[in-house]
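Here's the structure, in structure tokens; my notes come after.
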Amino acid sequence: MILGIESTAHTFGIGVVEKGKILCNVKDSYTTEKGGIVPMDAAKHHKEVCDNVFDTALKEAGISEKDINAIAISNAPGLAPCLIEGMKFAKNKALGLSVPLIPVNHCVAHLEIGRLTGANDSVLLYASGANTQIIAYAGGKYRVFGETLDIGVGNFIDNFARFAGIGFPGGLKIQKLAEKSENYIELPYKLKGMDVAFSGILTKLRQMVESRRYRIEDLAYSLQETVFAMLVESAERALAHTGKKELLLGGGVACNTRLQEMCKIMCEERGAKFFVPSNEFLVDNPAMIAYLGEIMFDKGLGVSGKEIDKLDINPRERTDDVEVRWR
Ligand code: ATP
Ligand code: FE2
């Protein structure tokens with residue numbers, strides 16, 4: 001049994017996996033009234049809740065400490081104070097239980113958890129708050145074929161929601177508003193090769209809101225149609241470029257039913273398979289850390305004994321820096 005710990009940003013969570021089966025996925029997230037995340041406060045939150053989350057996770061999984069064969073920890077990428085808190089907790093447990101510690105890259109875990117849904121060799125459209133990347137395995141690595149040149153698509157949506165007075169987080173609320181409109185208002189379309197950019201569109205939307213000449217439903221609809229089309233076009237290019245036949249969605253924005261629909265249509269048109277995990281495994285979650293941790297553990301990856309203390313966090317590790325030794 002592998003216990004996985006997630007603590008790269010606002011969520012502290014612990015999941016347990018056995019032979020690819022998720023036994024629990026327990027989370028406690030730091031939230032703020034206004035939305036912006038203060039890294040030190042999030043870290044403090046993690047420190048406060050970690051023991052409780054651990055006890056709840058064992059209870060939900062129906063196991064005891066001695067059933068744990070290894071501990072997986074998301075050591076990259078993310079906010080340093082949060083990563084440090086998670087690493088401290090993970091090291092203590094691994095040393096206390098005398099089990100190996102396995103460092104897992106958070107972005108790669110978003111991709112690997114797709115195997116639960118049957119995805120095997122897919123292009124991943126990873127659309128979350130802070131990240132927007134088109135990733136696929138090629139030549140021994142997970143490569144980033146396209147990514148945002150400025151902010152993540154979720155942060156873009158949340159920003160719009162904030163200045164439109166809709167509240168935080170904005171994703172689901174924007175989706176609901178968009179469902180009430182079919183009036184497309186043209187917005188800038190920012191796709192360069194397979195890279196996307198959102199800040200110019202955000203500026204344009206801000207001006208439109210401030211002019212008070214547009215219905216918020218129409219802006220929400222147009223926003224979704226425009227930026228999701230950019231993402232889907234980029235993903236389609238990556239499919240064509242790599243010759244892969246599967247598209248997988250990941251990240252909190254992937255909960256959006258319109259984005260899912262657009263991906264599905266694109267895949268049907270080009271004879272590709274489309275996979276989308278349930279929402280629980282799209283947003284940041286510890287089960288995906290345990291899940292990839294188990295795959296790595298089975299290949300003998302991870303550190304034990306004295307090496308555990310030397311394991312470090314890696315706040316800026318990129319997806320294509322990860323040595324993929326488990327495939
Ligand atoms: P990461 O560290 O991977 O970047 P994150 O914490 O920034 O993760 P997630 O937890 O993966 O992000 O997702 C949060 C984002 O998802 C928020 O920006 C939120 O607005 C967005 N979101 C959630 N549901 C929807 C939805 N239905 N439509 C669009 N966006 C959504
Ligand atoms: Fe994430």
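Residues are referred to by chain and number: the chain letter is A, B, ... according to the order shown in the structure tokens, the number counts from 1 in that chain, and ligands are numbered separately from 1 in the order shown.
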
Going by DSSP on the backbone, which bits of range 47-126 of chain A are helix (DSSP H, G or I)? Write them as a ChimeraX atom specification, please.
/A:47-61,65-67,80-97,106-117

Report as a PyMOL selection string: the residues of range 30-246 of chain A with a DSSP assignment of strand (DSSP E or B), based on the backbone of this structure.
chain A and resi 70-76+101-105+123-127+132-138+141-148+191-192+195-196+246

Please identify every polymer residue within 9 Å of ligand 2, using only C-alpha atoms and all ligand atoms, and present the set as an mmCIF file with N, CA and C atoms, in the first residue's frame.
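And here is the file that came out, result.cif:
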data_model
loop_
_atom_site.group_PDB
_atom_site.id
_atom_site.type_symbol
_atom_site.label_atom_id
_atom_site.label_comp_id
_atom_site.auth_asym_id
_atom_site.auth_seq_id
_atom_site.Cartn_x
_atom_site.Cartn_y
_atom_site.Cartn_z
ATOM 1 N N THR A 8 1.477 20.934 -2.749
ATOM 2 C CA THR A 8 2.202 21.886 -3.602
ATOM 3 C C THR A 8 1.638 23.300 -3.527
ATOM 4 N N ALA A 9 0.354 23.421 -3.175
ATOM 5 C CA ALA A 9 -0.257 24.761 -3.148
ATOM 6 C C ALA A 9 -1.295 24.845 -2.030
ATOM 7 N N HIS A 106 4.109 16.825 -9.444
ATOM 8 C CA HIS A 106 2.669 17.068 -9.410
ATOM 9 C C HIS A 106 2.030 17.061 -10.821
ATOM 10 N N CYS A 107 2.672 17.732 -11.774
ATOM 11 C CA CYS A 107 2.094 17.828 -13.127
ATOM 12 C C CYS A 107 2.051 16.454 -13.803
ATOM 13 N N ALA A 109 1.862 13.673 -12.273
ATOM 14 C CA ALA A 109 0.835 12.877 -11.588
ATOM 15 C C ALA A 109 -0.548 13.146 -12.180
ATOM 16 N N HIS A 110 -0.809 14.402 -12.575
ATOM 17 C CA HIS A 110 -2.081 14.727 -13.240
ATOM 18 C C HIS A 110 -2.251 13.886 -14.495
ATOM 19 N N TYR A 126 -3.597 19.951 -19.722
ATOM 20 C CA TYR A 126 -3.584 20.221 -18.288
ATOM 21 C C TYR A 126 -3.964 21.685 -18.073
ATOM 22 N N ALA A 127 -5.201 21.882 -17.637
ATOM 23 C CA ALA A 127 -5.743 23.237 -17.503
ATOM 24 C C ALA A 127 -6.191 23.451 -16.066
ATOM 25 N N SER A 128 -5.325 24.090 -15.269
ATOM 26 C CA SER A 128 -5.679 24.324 -13.868
ATOM 27 C C SER A 128 -5.611 25.812 -13.578
ATOM 28 N N GLY A 129 -5.622 26.156 -12.284
ATOM 29 C CA GLY A 129 -5.544 27.562 -11.921
ATOM 30 C C GLY A 129 -4.223 28.163 -12.361
ATOM 31 N N ALA A 130 -3.148 27.574 -11.892
ATOM 32 C CA ALA A 130 -1.824 28.151 -12.120
ATOM 33 C C ALA A 130 -1.131 27.608 -13.372
ATOM 34 N N ASN A 131 -1.578 26.474 -13.862
ATOM 35 C CA ASN A 131 -0.881 25.843 -14.991
ATOM 36 C C ASN A 131 -1.766 25.664 -16.218
ATOM 37 N N GLY A 250 -6.927 17.211 -17.676
ATOM 38 C CA GLY A 250 -6.525 17.278 -16.272
ATOM 39 C C GLY A 250 -6.572 18.718 -15.783
ATOM 40 N N GLY A 251 -6.599 18.891 -14.452
ATOM 41 C CA GLY A 251 -6.629 20.238 -13.878
ATOM 42 C C GLY A 251 -8.046 20.700 -13.597
ATOM 43 N N GLY A 252 -8.184 21.651 -12.668
ATOM 44 C CA GLY A 252 -9.505 22.099 -12.221
ATOM 45 C C GLY A 252 -10.399 22.652 -13.317
ATOM 46 N N LEU A 282 -9.534 15.515 -11.094
ATOM 47 C CA LEU A 282 -9.082 16.588 -11.988
ATOM 48 C C LEU A 282 -8.425 17.699 -11.187
ATOM 49 N N VAL A 283 -9.092 18.104 -10.106
ATOM 50 C CA VAL A 283 -8.518 19.149 -9.246
ATOM 51 C C VAL A 283 -7.330 18.547 -8.481
ATOM 52 N N ASP A 284 -6.578 19.410 -7.805
ATOM 53 C CA ASP A 284 -5.433 18.913 -7.041
ATOM 54 C C ASP A 284 -5.899 17.865 -6.039
ATOM 55 N N ASN A 285 -5.238 16.717 -6.036
ATOM 56 C CA ASN A 285 -5.680 15.628 -5.163
ATOM 57 C C ASN A 285 -4.503 14.728 -4.788
#

Polymer residues at most 8 Å from Leu124 in chain A, only C-alpha atoms, same-chain spacing of 3 or more positions, as number ranges by chain:
A: 111, 133-136, 235, 247-250

Residues at most 7 Å from range 212-219 of chain A, counting only C-alpha atoms, excluding those fewer than 6 positions away in the same chain, as a PyMOL selection string?
chain A and resi 177-178+180-181+183-184
